[in-house]
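Okay, model19.cif is below, mmCIF, C-alpha atoms:
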```cif
data_target
loop_
_atom_site.label_atom_id
_atom_site.label_comp_id
_atom_site.auth_asym_id
_atom_site.auth_seq_id
_atom_site.Cartn_x
_atom_site.Cartn_y
_atom_site.Cartn_z
CA MET A 1 21.76 6.39 25.12
CA SER A 2 19.97 4.89 28.11
CA THR A 3 19.74 8.12 30.12
CA ASN A 4 16.36 8.44 31.88
CA LEU A 5 15.14 5.12 30.49
CA SER A 6 12.96 2.89 32.63
CA PRO A 7 14.44 -0.38 33.99
CA GLU A 8 12.29 -2.27 31.46
CA ALA A 9 13.66 -0.19 28.59
CA LYS A 10 17.25 -0.71 29.78
CA LEU A 11 16.63 -4.46 29.86
CA ALA A 12 15.19 -4.33 26.34
CA GLU A 13 18.30 -2.45 25.21
CA GLU A 14 20.57 -5.13 26.65
CA GLU A 15 18.49 -7.85 25.00
CA TYR A 16 18.95 -6.07 21.68
CA LYS A 17 22.70 -5.80 22.16
CA ASP A 18 22.85 -9.54 22.96
CA ALA A 19 20.78 -10.59 19.93
CA LYS A 20 22.70 -12.80 17.52
CA THR A 21 20.53 -13.25 14.41
CA ILE A 22 19.20 -10.49 12.15
CA GLU A 23 15.63 -11.62 12.85
CA ASP A 24 16.18 -11.46 16.62
CA LYS A 25 17.88 -8.07 16.37
CA ILE A 26 14.85 -6.66 14.55
CA VAL A 27 12.40 -8.04 17.12
CA LYS A 28 14.46 -6.86 20.09
CA LEU A 29 15.16 -3.42 18.61
CA GLU A 30 11.48 -2.86 17.83
CA LYS A 31 10.68 -3.78 21.44
CA PHE A 32 13.33 -1.38 22.72
CA ILE A 33 12.09 1.47 20.51
CA SER A 34 8.53 0.94 21.75
CA MET A 35 9.72 1.40 25.33
CA VAL A 36 11.63 4.64 24.77
CA PRO A 37 9.55 7.64 25.97
CA LYS A 38 8.40 9.67 22.97
CA HIS A 39 9.05 13.37 23.53
CA LYS A 40 11.23 16.16 22.16
CA ALA A 41 14.30 15.11 24.13
CA THR A 42 14.30 11.57 22.69
CA GLU A 43 13.39 12.38 19.05
CA LYS A 44 16.95 12.18 17.73
CA MET A 45 17.77 9.12 19.79
CA VAL A 46 14.72 7.30 18.43
CA ALA A 47 15.62 8.40 14.90
CA ARG A 48 19.07 6.79 15.24
CA LEU A 49 17.52 3.61 16.62
CA ARG A 50 15.07 3.50 13.71
CA SER A 51 17.98 4.06 11.35
CA SER A 52 19.65 0.94 12.77
CA LEU A 53 16.33 -0.88 12.34
CA VAL A 54 16.22 0.13 8.66
CA LYS A 55 19.73 -1.29 8.21
CA HIS A 56 18.78 -4.61 9.87
CA LYS A 57 15.67 -4.88 7.67
CA SER A 58 17.77 -4.30 4.57
CA GLU A 59 20.13 -7.09 5.68
CA LEU A 60 17.15 -9.38 6.29
CA GLU A 61 15.71 -8.65 2.85
CA ASP A 62 19.06 -9.48 1.25
CA LYS A 63 19.05 -12.75 3.18
CA ARG A 64 15.51 -13.58 2.01
CA ILE A 65 16.45 -12.88 -1.61
CA ARG A 66 19.38 -15.28 -1.29
CA MET A 67 17.16 -17.94 0.31
CA LYS A 68 14.52 -17.51 -2.38
CA SER A 69 17.12 -17.93 -5.12
CA LEU A 70 18.03 -21.24 -3.49
CA GLY A 71 14.40 -22.29 -3.42
CA LYS A 72 14.21 -22.29 0.36
CA GLY A 73 11.35 -21.11 2.54
CA PRO A 74 7.55 -21.38 2.14
CA SER A 75 5.66 -18.90 0.01
CA TRP A 76 2.07 -18.48 -1.12
CA VAL A 77 2.21 -14.85 -2.24
CA LEU A 78 -0.05 -14.47 -5.28
CA GLY A 79 1.16 -12.55 -8.31
CA LYS A 80 -1.00 -9.82 -9.81
CA GLU A 81 -3.57 -10.86 -12.37
CA GLY A 82 -6.07 -8.66 -14.18
CA ASP A 83 -5.96 -4.87 -14.10
CA ALA A 84 -5.37 -4.39 -10.35
CA GLN A 85 -4.98 -6.35 -7.13
CA ILE A 86 -7.01 -5.61 -3.98
CA SER A 87 -6.47 -7.16 -0.53
CA LEU A 88 -9.13 -7.56 2.16
CA VAL A 89 -7.73 -7.24 5.69
CA GLY A 90 -9.50 -7.52 9.03
CA ILE A 91 -9.47 -9.20 12.42
CA ALA A 92 -11.15 -12.57 12.98
CA ASN A 93 -14.90 -12.75 12.22
CA SER A 94 -15.06 -9.31 10.63
CA GLY A 95 -17.04 -10.72 7.71
CA LYS A 96 -14.23 -10.56 5.14
CA SER A 97 -14.95 -13.93 3.58
CA LEU A 98 -18.68 -13.31 3.13
CA LEU A 99 -17.95 -9.90 1.63
CA PHE A 100 -15.40 -11.55 -0.68
CA LYS A 101 -17.88 -14.25 -1.69
CA ASN A 102 -20.62 -11.74 -2.50
CA LEU A 103 -18.32 -9.45 -4.49
CA THR A 104 -16.68 -12.21 -6.52
CA GLY A 105 -19.09 -15.13 -6.50
CA ALA A 106 -16.16 -17.34 -5.43
CA ASN A 107 -16.78 -20.36 -3.23
CA ALA A 108 -14.88 -19.01 -0.22
CA LYS A 109 -14.96 -20.58 3.24
CA VAL A 110 -17.38 -18.69 5.47
CA GLY A 111 -17.76 -19.42 9.16
CA ASP A 112 -18.64 -17.79 12.47
CA TYR A 113 -15.45 -19.08 14.06
CA PRO A 114 -12.00 -17.43 14.01
CA TYR A 115 -9.41 -17.88 11.26
CA THR A 116 -11.62 -19.51 8.65
CA THR A 117 -9.29 -18.24 5.91
CA GLU A 118 -5.90 -19.97 6.20
CA LYS A 119 -4.20 -18.68 3.03
CA PRO A 120 -4.96 -16.08 0.34
CA GLU A 121 -8.14 -16.81 -1.58
CA PRO A 122 -8.23 -15.06 -4.99
CA GLY A 123 -11.35 -14.01 -6.84
CA VAL A 124 -12.37 -11.69 -9.65
CA VAL A 125 -14.58 -8.59 -9.72
CA ASP A 126 -15.65 -7.34 -13.16
CA CYS A 127 -16.13 -3.55 -13.09
CA GLN A 128 -17.68 -2.98 -16.49
CA GLY A 129 -14.76 -4.58 -18.28
CA ALA A 130 -12.02 -3.83 -15.76
CA ILE A 131 -10.92 -7.12 -14.23
CA LEU A 132 -9.96 -6.67 -10.57
CA GLN A 133 -8.25 -9.40 -8.57
CA LEU A 134 -9.70 -9.48 -5.05
CA ILE A 135 -7.82 -11.42 -2.38
CA ASP A 136 -9.31 -12.58 0.91
CA LEU A 137 -6.45 -12.79 3.42
CA PRO A 138 -6.08 -14.64 6.73
CA SER A 139 -7.20 -12.62 9.73
CA ILE A 140 -4.73 -10.32 11.45
CA PHE A 141 -4.05 -10.46 15.19
CA PRO A 142 -1.60 -8.63 17.47
CA ASN A 143 2.08 -9.43 16.82
CA ILE A 144 1.19 -11.76 13.94
CA ARG A 145 4.50 -11.06 12.22
CA ASN A 146 6.44 -12.71 15.06
CA GLU A 147 3.90 -15.18 16.39
CA SER A 148 2.72 -16.73 13.14
CA LYS A 149 4.69 -18.58 10.48
CA ILE A 150 2.62 -16.83 7.80
CA GLY A 151 3.22 -13.31 9.12
CA ASN A 152 5.91 -12.22 6.69
CA MET A 153 4.13 -13.78 3.70
CA LEU A 154 0.90 -12.06 4.71
CA PHE A 155 2.52 -8.63 4.70
CA SER A 156 4.31 -9.35 1.43
CA GLN A 157 0.88 -10.01 -0.09
CA ILE A 158 -0.56 -6.80 1.34
CA ARG A 159 2.40 -4.74 0.09
CA ALA A 160 1.72 -6.00 -3.45
CA ALA A 161 -1.86 -4.67 -3.40
CA ASP A 162 -2.97 -1.67 -5.44
CA LEU A 163 -5.67 -1.09 -2.81
CA ILE A 164 -6.15 -2.30 0.77
CA ILE A 165 -9.70 -2.69 2.09
CA PHE A 166 -9.99 -2.65 5.88
CA VAL A 167 -13.08 -4.68 6.79
CA ILE A 168 -14.42 -3.47 10.14
CA ASP A 169 -17.10 -5.32 12.13
CA LEU A 170 -19.62 -2.75 13.35
CA THR A 171 -20.82 -5.06 16.12
CA LYS A 172 -17.45 -4.54 17.85
CA ASP A 173 -15.39 -1.51 18.87
CA PRO A 174 -14.00 -0.10 15.58
CA GLU A 175 -11.14 1.71 17.34
CA VAL A 176 -9.78 -1.54 18.74
CA GLN A 177 -9.92 -3.17 15.31
CA MET A 178 -8.31 -0.29 13.43
CA THR A 179 -5.59 0.03 16.07
CA ILE A 180 -4.65 -3.63 15.66
CA LEU A 181 -4.70 -3.47 11.86
CA LEU A 182 -2.79 -0.20 11.49
CA GLU A 183 -0.18 -1.15 14.09
CA GLU A 184 0.43 -4.55 12.51
CA LEU A 185 0.69 -3.07 9.02
CA TYR A 186 3.00 -0.35 10.35
CA ASN A 187 5.24 -2.99 11.93
CA GLY A 188 5.05 -4.90 8.66
CA SER A 189 6.58 -1.85 6.87
CA ILE A 190 3.30 -0.76 5.29
CA ARG A 191 2.18 2.88 5.37
CA VAL A 192 -1.44 3.53 4.45
CA ASN A 193 -2.68 6.76 2.84
CA LYS A 194 0.63 8.46 3.53
CA SER A 195 3.12 10.02 1.14
CA LEU A 196 6.83 9.36 0.83
CA PRO A 197 8.72 12.02 2.84
CA PRO A 198 9.67 14.96 0.57
CA ILE A 199 13.34 14.43 -0.16
CA GLU A 200 15.46 13.84 -3.26
CA LEU A 201 18.47 11.58 -2.71
CA ARG A 202 21.08 10.78 -5.35
CA LYS A 203 24.17 8.66 -4.90
CA THR A 204 27.37 10.16 -6.29
CA GLY A 205 30.70 8.54 -7.05
CA SER A 206 32.66 11.03 -5.03
CA GLY A 207 32.45 14.40 -3.31
CA GLY A 208 31.17 13.35 0.09
CA ALA A 209 27.91 14.79 1.40
CA LEU A 210 26.08 17.59 -0.42
CA LEU A 211 23.08 18.86 1.58
CA ILE A 212 20.49 21.20 0.10
CA GLY A 213 17.71 22.59 2.30
CA GLU A 214 19.19 21.29 5.55
CA GLU A 215 17.54 24.20 7.37
CA LYS A 216 14.21 22.42 6.74
CA ILE A 217 15.07 19.62 9.16
CA ASP A 218 15.35 19.92 12.93
CA ALA A 219 18.82 18.39 13.15
CA SER A 220 22.45 19.35 12.74
CA ARG A 221 24.46 18.63 9.60
CA GLU A 222 26.43 16.02 11.54
CA GLU A 223 23.27 14.25 12.70
CA ILE A 224 21.87 14.15 9.16
CA ILE A 225 25.12 12.74 7.78
CA GLU A 226 25.27 10.11 10.55
CA ILE A 227 21.84 8.84 9.50
CA LEU A 228 23.02 8.54 5.89
CA HIS A 229 26.22 6.80 6.99
CA ASP A 230 24.09 4.26 8.91
CA GLN A 231 22.77 3.19 5.50
CA SER A 232 26.30 2.98 4.03
CA LEU A 233 25.82 6.20 2.06
CA TYR A 234 28.98 8.31 2.00
CA ASN A 235 28.91 10.13 -1.35
CA PHE A 236 25.49 11.62 -2.02
CA SER A 237 23.37 14.64 -2.81
CA LEU A 238 20.41 15.13 -0.46
CA LYS A 239 17.77 17.76 -1.17
CA ILE A 240 15.12 18.36 1.50
CA LEU A 241 12.04 19.83 -0.16
CA LYS A 242 9.77 20.59 2.82
CA GLN A 243 9.96 20.86 6.60
CA ILE A 244 10.54 17.39 8.07
CA GLN A 245 11.76 15.69 11.23
CA LEU A 246 14.83 13.47 11.47
CA SER A 247 12.46 10.49 11.79
CA ASP A 248 10.97 11.41 8.39
CA LEU A 249 14.42 11.22 6.85
CA VAL A 250 14.86 7.73 8.30
CA GLU A 251 11.53 6.64 6.79
CA ALA A 252 12.50 8.05 3.41
CA LEU A 253 15.67 5.95 3.47
CA ASP A 254 13.82 2.76 4.38
CA THR A 255 13.47 0.93 1.06
CA SER A 256 11.47 -1.84 2.76
CA LEU A 257 8.52 0.51 3.27
CA SER A 258 5.47 0.23 1.04
CA TYR A 259 3.11 3.18 0.60
CA ASN A 260 -0.40 1.88 -0.14
CA ILE A 261 -3.82 3.42 -0.51
CA GLY A 262 -6.63 2.07 1.65
CA ILE A 263 -10.34 2.43 2.34
CA ILE A 264 -12.58 1.16 5.11
CA VAL A 265 -15.61 -1.06 4.59
CA ALA A 266 -17.86 -0.80 7.64
CA ASN A 267 -19.48 -4.25 7.62
CA LYS A 268 -22.51 -5.69 9.44
CA GLY A 269 -24.42 -2.43 9.14
CA ASP A 270 -27.63 -4.41 9.57
CA ALA A 271 -26.82 -5.18 13.23
CA ASP A 272 -28.64 -3.35 16.02
CA SER A 273 -25.44 -1.94 17.54
CA SER A 274 -23.93 -0.83 14.24
CA LYS A 275 -25.08 2.81 14.14
CA GLU A 276 -23.15 3.95 17.21
CA ASN A 277 -19.98 2.16 16.13
CA TYR A 278 -20.29 3.54 12.60
CA GLU A 279 -20.43 7.09 13.96
CA LYS A 280 -17.38 6.39 16.12
CA LEU A 281 -15.53 4.97 13.12
CA LYS A 282 -16.26 8.11 11.08
CA ARG A 283 -15.30 10.41 13.94
CA LEU A 284 -11.90 8.75 14.40
CA TYR A 285 -10.88 7.82 10.86
CA ALA A 286 -12.84 9.83 8.28
CA LYS A 287 -9.94 12.28 7.82
CA GLN A 288 -7.57 9.50 6.79
CA PHE A 289 -9.94 7.05 5.05
CA LEU A 290 -13.00 6.94 2.86
CA ILE A 291 -15.56 4.81 4.73
CA PHE A 292 -18.31 2.76 3.08
CA PRO A 293 -21.15 1.19 5.10
CA THR A 294 -22.21 -2.29 3.98
CA SER A 295 -23.94 -5.45 5.06
CA ALA A 296 -22.34 -8.50 3.48
CA LEU A 297 -25.08 -10.65 5.02
CA LYS A 298 -27.90 -8.69 3.36
CA LYS A 299 -25.79 -7.71 0.32
CA GLU A 300 -26.38 -4.01 0.96
CA GLY A 301 -24.00 -1.32 -0.28
CA LEU A 302 -22.00 -3.72 -2.48
CA GLU A 303 -22.85 -2.13 -5.84
CA ILE A 304 -21.74 1.31 -4.67
CA LEU A 305 -18.64 -0.27 -3.13
CA GLY A 306 -17.63 -1.79 -6.48
CA ASP A 307 -17.85 1.59 -8.21
CA GLU A 308 -15.88 3.29 -5.43
CA ILE A 309 -13.16 0.64 -5.53
CA PHE A 310 -12.70 1.40 -9.22
CA LYS A 311 -12.45 5.14 -8.51
CA GLN A 312 -9.83 4.62 -5.82
CA LEU A 313 -7.69 2.56 -8.18
CA LYS A 314 -7.56 5.54 -10.58
CA LEU A 315 -8.13 3.38 -13.63
CA VAL A 316 -9.49 4.44 -17.00
CA ARG A 317 -11.48 2.22 -19.41
CA VAL A 318 -10.99 3.11 -23.07
CA ARG A 319 -12.49 1.33 -26.06
CA SER A 320 -10.90 1.27 -29.48
CA LYS A 321 -12.85 1.87 -32.67
CA GLU A 322 -11.97 -0.17 -35.73
CA GLN A 323 -11.84 1.20 -39.29
CA ASN A 324 -15.07 -0.67 -40.06
CA GLY A 325 -16.79 1.38 -37.38
CA GLU A 326 -17.10 -1.40 -34.80
CA ILE A 327 -16.32 -0.53 -31.19
CA ALA A 328 -14.41 -3.12 -29.17
CA LYS A 329 -16.55 -4.83 -26.53
CA LYS A 330 -13.64 -5.27 -24.11
CA PRO A 331 -12.07 -2.01 -22.93
CA ILE A 332 -8.39 -1.32 -22.60
CA VAL A 333 -7.74 -0.54 -18.93
CA ILE A 334 -5.00 1.98 -18.22
CA ARG A 335 -3.91 4.26 -15.38
CA GLU A 336 -5.34 7.72 -14.91
CA GLY A 337 -3.28 10.26 -16.87
CA ALA A 338 -2.53 7.88 -19.76
CA THR A 339 -2.39 9.34 -23.26
CA VAL A 340 -3.26 8.37 -26.82
CA ALA A 341 0.40 7.34 -27.17
CA ASP A 342 -0.05 4.73 -24.43
CA ILE A 343 -3.12 3.27 -26.15
CA ALA A 344 -1.37 3.24 -29.55
CA LYS A 345 1.51 1.19 -28.11
CA ILE A 346 -0.91 -1.27 -26.50
CA ILE A 347 -2.94 -1.83 -29.68
CA HIS A 348 0.14 -2.23 -31.90
CA THR A 349 3.49 -0.47 -32.06
CA ARG A 350 2.74 0.34 -35.73
CA PHE A 351 0.01 2.73 -34.60
CA TYR A 352 2.58 4.56 -32.48
CA ASP A 353 5.51 4.45 -34.89
CA TYR A 354 3.44 5.64 -37.89
CA PHE A 355 0.84 7.66 -35.98
CA LYS A 356 -1.10 10.18 -38.05
CA GLN A 357 -3.99 11.27 -35.83
CA ALA A 358 -6.62 9.97 -33.42
CA LYS A 359 -10.31 10.76 -33.14
CA ILE A 360 -11.88 10.82 -29.69
CA THR A 361 -15.49 10.46 -28.64
CA GLY A 362 -16.25 10.64 -24.96
CA PRO A 363 -15.52 12.57 -21.74
CA SER A 364 -12.07 13.86 -22.79
CA ALA A 365 -13.27 15.21 -26.16
CA LYS A 366 -14.57 18.74 -26.68
CA PHE A 367 -16.93 17.24 -29.27
CA ASP A 368 -17.50 13.77 -30.71
CA GLY A 369 -14.87 12.82 -33.25
CA GLN A 370 -12.36 15.44 -32.10
CA SER A 371 -8.95 15.01 -33.77
CA VAL A 372 -6.10 14.83 -31.24
CA GLY A 373 -2.41 14.01 -31.05
CA LEU A 374 -0.36 11.48 -29.11
CA ASN A 375 -0.18 13.63 -25.96
CA HIS A 376 -3.96 13.87 -25.50
CA ILE A 377 -4.92 12.64 -22.00
CA LEU A 378 -7.74 10.10 -22.00
CA LYS A 379 -10.64 9.75 -19.57
CA ASP A 380 -12.80 6.85 -18.47
CA GLY A 381 -15.37 5.99 -21.14
CA ASP A 382 -13.48 7.41 -24.13
CA ILE A 383 -13.68 5.77 -27.54
CA VAL A 384 -10.46 6.07 -29.55
CA GLU A 385 -9.93 5.62 -33.28
CA ILE A 386 -6.28 5.76 -34.33
CA PHE A 387 -5.07 6.44 -37.86
CA ALA A 388 -1.56 5.56 -39.04
CA ASP A 389 0.29 5.81 -42.36
#
```
Take the structure in the file and give it back as structure tokens.
Amino acid sequence: MSTNLSPEAKLAEEEYKDAKTIEDKIVKLEKFISMVPKHKATEKMVARLRSSLVKHKSELEDKRIRMKSLGKGPSWVLGKEGDAQISLVGIANSGKSLLFKNLTGANAKVGDYPYTTEKPEPGVVDCQGAILQLIDLPSIFPNIRNESKIGNMLFSQIRAADLIIFVIDLTKDPEVQMTILLEELYNGSIRVNKSLPPIELRKTGSGGALLIGEEKIDASREEIIEILHDQSLYNFSLKILKQIQLSDLVEALDTSLSYNIGIIVANKGDADSSKENYEKLKRLYAKQFLIFPTSALKKEGLEILGDEIFKQLKLVRVRSKEQNGEIAKKPIVIREGATVADIAKIIHTRFYDYFKQAKITGPSAKFDGQSVGLNHILKDGDIVEIFAD
């Protein structure tokens, strides 16, 4: 495996082989992988190494679950409250805490010195009835997962988020900041604005390996099966839906990975040097992220940001209409694509079990008071009146 590797890479490989604990194996293997030259000739080798990394991470997660059940180990990961959870991430002094304070009104620590935020600070943003939990997180720095005792907890909190907001300081090089943030999240098993690789995997009780669409992957049948065996999968059906690389298959098998959506908030837009850095930020990252210019200091761009956050969460606010004609002041917040059936169950199971019809007024209706059935898809701003026997 070490053919044509540099002396440094060979040393890293030996360090990995000598590692005793799961945690040390993960650190040493990640270091080794980073030193392997990335080109066509090493693709399959790197894929096998990443497959071993996936297995070690799975073992570590099992260990953490056992430790948690015994009540061991520190934890400050906040559970979701409200209709969605949003995490603010950024390097030191990016302006996260001031942005958080202005969006939520919370009494967050704000300072012009590094690492003001020491643990997650929760707050609430009310988007016309949708209650969003906004979390200001400690600043991220290179190799935080291994060099900070809060690293793993920090990434657990980010993985739980329905939306990640990257706060970028426009007085500094945006490429440097985004590189740090994306690399640390990547190493923390978080993929941003990316889709799960297109495969369908099903475990079977017997029959060995059934491969469908194996011509869509640049690897032999034996190499594909070896990757599955690395994860202790011996009887399975694997269907590959689109053209992928062997490394994509490894990612698809990594159950520790979290696929999150993210946007960029370009902060400190009031600074003299901000325009040039904002243009650079757009040039490098506009294809992957929506970017919103703001100034937390002058409270500029925050109202638009709140509306855009709601859009990215793909939530729908629906109000119910009572038989006396009164419309509920507080909306029911549901996910985009929800139906009348979903609302009926939320209001009371009786409305679903004995459903007769519903009348809709709003964006999803062809006309006010339109009669619809349980499968009618609702839109933001709809008013729903449900009739049951």
* Name the residues that the PyMOL selection byres ((chain A and resi 43-47) around 9) picks from the file above, as a ChimeraX atom specification, using the file's chain letters and numbers. => /A:1,33,36,38-42,48-52,219,223,227,245-250
May I have the selected residues written with C-alpha atoms, as a PDB file, in the coordinates of the input?
```
ATOM      1  CA  MET A   1      21.760   6.390  25.120  1.00  0.00           C
ATOM      2  CA  ILE A  33      12.090   1.470  20.510  1.00  0.00           C
ATOM      3  CA  VAL A  36      11.630   4.640  24.770  1.00  0.00           C
ATOM      4  CA  LYS A  38       8.400   9.670  22.970  1.00  0.00           C
ATOM      5  CA  HIS A  39       9.050  13.370  23.530  1.00  0.00           C
ATOM      6  CA  LYS A  40      11.230  16.160  22.160  1.00  0.00           C
ATOM      7  CA  ALA A  41      14.300  15.110  24.130  1.00  0.00           C
ATOM      8  CA  THR A  42      14.300  11.570  22.690  1.00  0.00           C
ATOM      9  CA  ARG A  48      19.070   6.790  15.240  1.00  0.00           C
ATOM     10  CA  LEU A  49      17.520   3.610  16.620  1.00  0.00           C
ATOM     11  CA  ARG A  50      15.070   3.500  13.710  1.00  0.00           C
ATOM     12  CA  SER A  51      17.980   4.060  11.350  1.00  0.00           C
ATOM     13  CA  SER A  52      19.650   0.940  12.770  1.00  0.00           C
ATOM     14  CA  ALA A 219      18.820  18.390  13.150  1.00  0.00           C
ATOM     15  CA  GLU A 223      23.270  14.250  12.700  1.00  0.00           C
ATOM     16  CA  ILE A 227      21.840   8.840   9.500  1.00  0.00           C
ATOM     17  CA  GLN A 245      11.760  15.690  11.230  1.00  0.00           C
ATOM     18  CA  LEU A 246      14.830  13.470  11.470  1.00  0.00           C
ATOM     19  CA  SER A 247      12.460  10.490  11.790  1.00  0.00           C
ATOM     20  CA  ASP A 248      10.970  11.410   8.390  1.00  0.00           C
ATOM     21  CA  LEU A 249      14.420  11.220   6.850  1.00  0.00           C
ATOM     22  CA  VAL A 250      14.860   7.730   8.300  1.00  0.00           C
TER      23      VAL A 250
END
```
* Restricting the calculation to only C-alpha atoms, which member of A:Phe310, A:Asp380, A:Glu251, A:Glu23 is positioned closest to A:Gln133? -> A:Phe310
* Asked: Care to translate the PyMOL selection byres ((chain A and resi 188) around 12) into actual residues of this file, as a PyMOL selection string?
  -> chain A and resi 26-27+30+57+140+142-146+151-159+181-187+189-192+256-259
* Asked: Separation of atom CA of A:Lys379 and atom CA of A:Asp307, in Å?
  ->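 These atoms are spaced 15.7 Å apart.
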* Asked: Quick one, how far is atom CA of A:Arg283 from atom CA of A:Leu196?
  -> 25.7 Å
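Proximity to A:Pro331 was assessed for A:Gly79, A:Ile264, A:Ile131, A:Leu313 counting all atoms listed in the file; the smallest distance is recorded for A:Ile131.
Pairwise distance (atom CA of A:Ala271, atom CA of A:Thr294) equals 10.7 Å.
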* Using only C-alpha atoms, determine which residues lie at most 7 Å from A:Asn375, disregarding the query and same-chain residues fewer than 5 positions distant; provide the list as an MDAnalysis selection string. => chainID A and resid 339:341
Dump as a tab-separated table (two decimals), in the coordinates of the input, selection limited to C-alpha atoms:
```tsv
chain	number	residue	atom	x	y	z
A	339	THR	CA	-2.39	9.34	-23.26
A	340	VAL	CA	-3.26	8.37	-26.82
A	341	ALA	CA	0.40	7.34	-27.17
```
* To do: Kindly provide, as JSON, numbers by chain, the polymer residues lying within 7 Å of (-11.7, 3.6, -19.1), counting all atoms listed in the file and using the coordinates exactly as they appear in the file.
  => {"A": [315, 316, 317, 318, 331, 332, 333, 334, 379, 380, 381, 382]}
* **Contacts of stretch 344-358 of chain A within 6 Å, all atoms listed in the file, excl. fewer than 3 positions in-chain, as a list of chain:residue names** =>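 Selected residues are A:Ala341, A:Ser371, A:Val372, A:Gly373, A:Glu385, A:Ile386, A:Phe387, A:Ala388, A:Asp389.
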* For A:Met178, please output as a list in words all residues within 10 Å (counting all atoms listed in the file; exclusion window: fewer than 5 positions along the same chain). =>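 So, after excluding close chain neighbours, the residues are Gly90, Ile91, Phe166, Val167, Ile168, Asp173, Glu183, Glu184, Ile264, Leu281, Leu284 and Tyr285 of chain A.
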* Structure fact -> From the list A:Val54, A:Ile360, A:Ala252, A:Cys127, the nearest residue to A:Ser232 using all atoms listed in the file is A:Val54
* Using only C-alpha atoms, collect all residues at a distance of at most 12 Å from (-24.9, -4.0, 12.5) as written in the file, then present them as a PyMOL selection string. => chain A and resi 94-95+168-174+266-278+293-298+300
* Neighbour list for A:Pro122 as a PyMOL selection string, cut-off 8 Å, all atoms listed in the file, skip fewer than 3 positions in-chain -> chain A and resi 133-136
* Report the residues retrieved by the PyMOL selection byres ((chain A and resi 198-213) around 8) from the displayed file, expressed as a PyMOL selection string. => chain A and resi 196-197+214-217+225+233-242+244+249+252
* Got a sec: who's within 6 Å of A:Thr104, counting all atoms listed in the file, leaving out chain neighbours fewer than 5 positions off, as a PyMOL selection string? -> chain A and resi 123-125
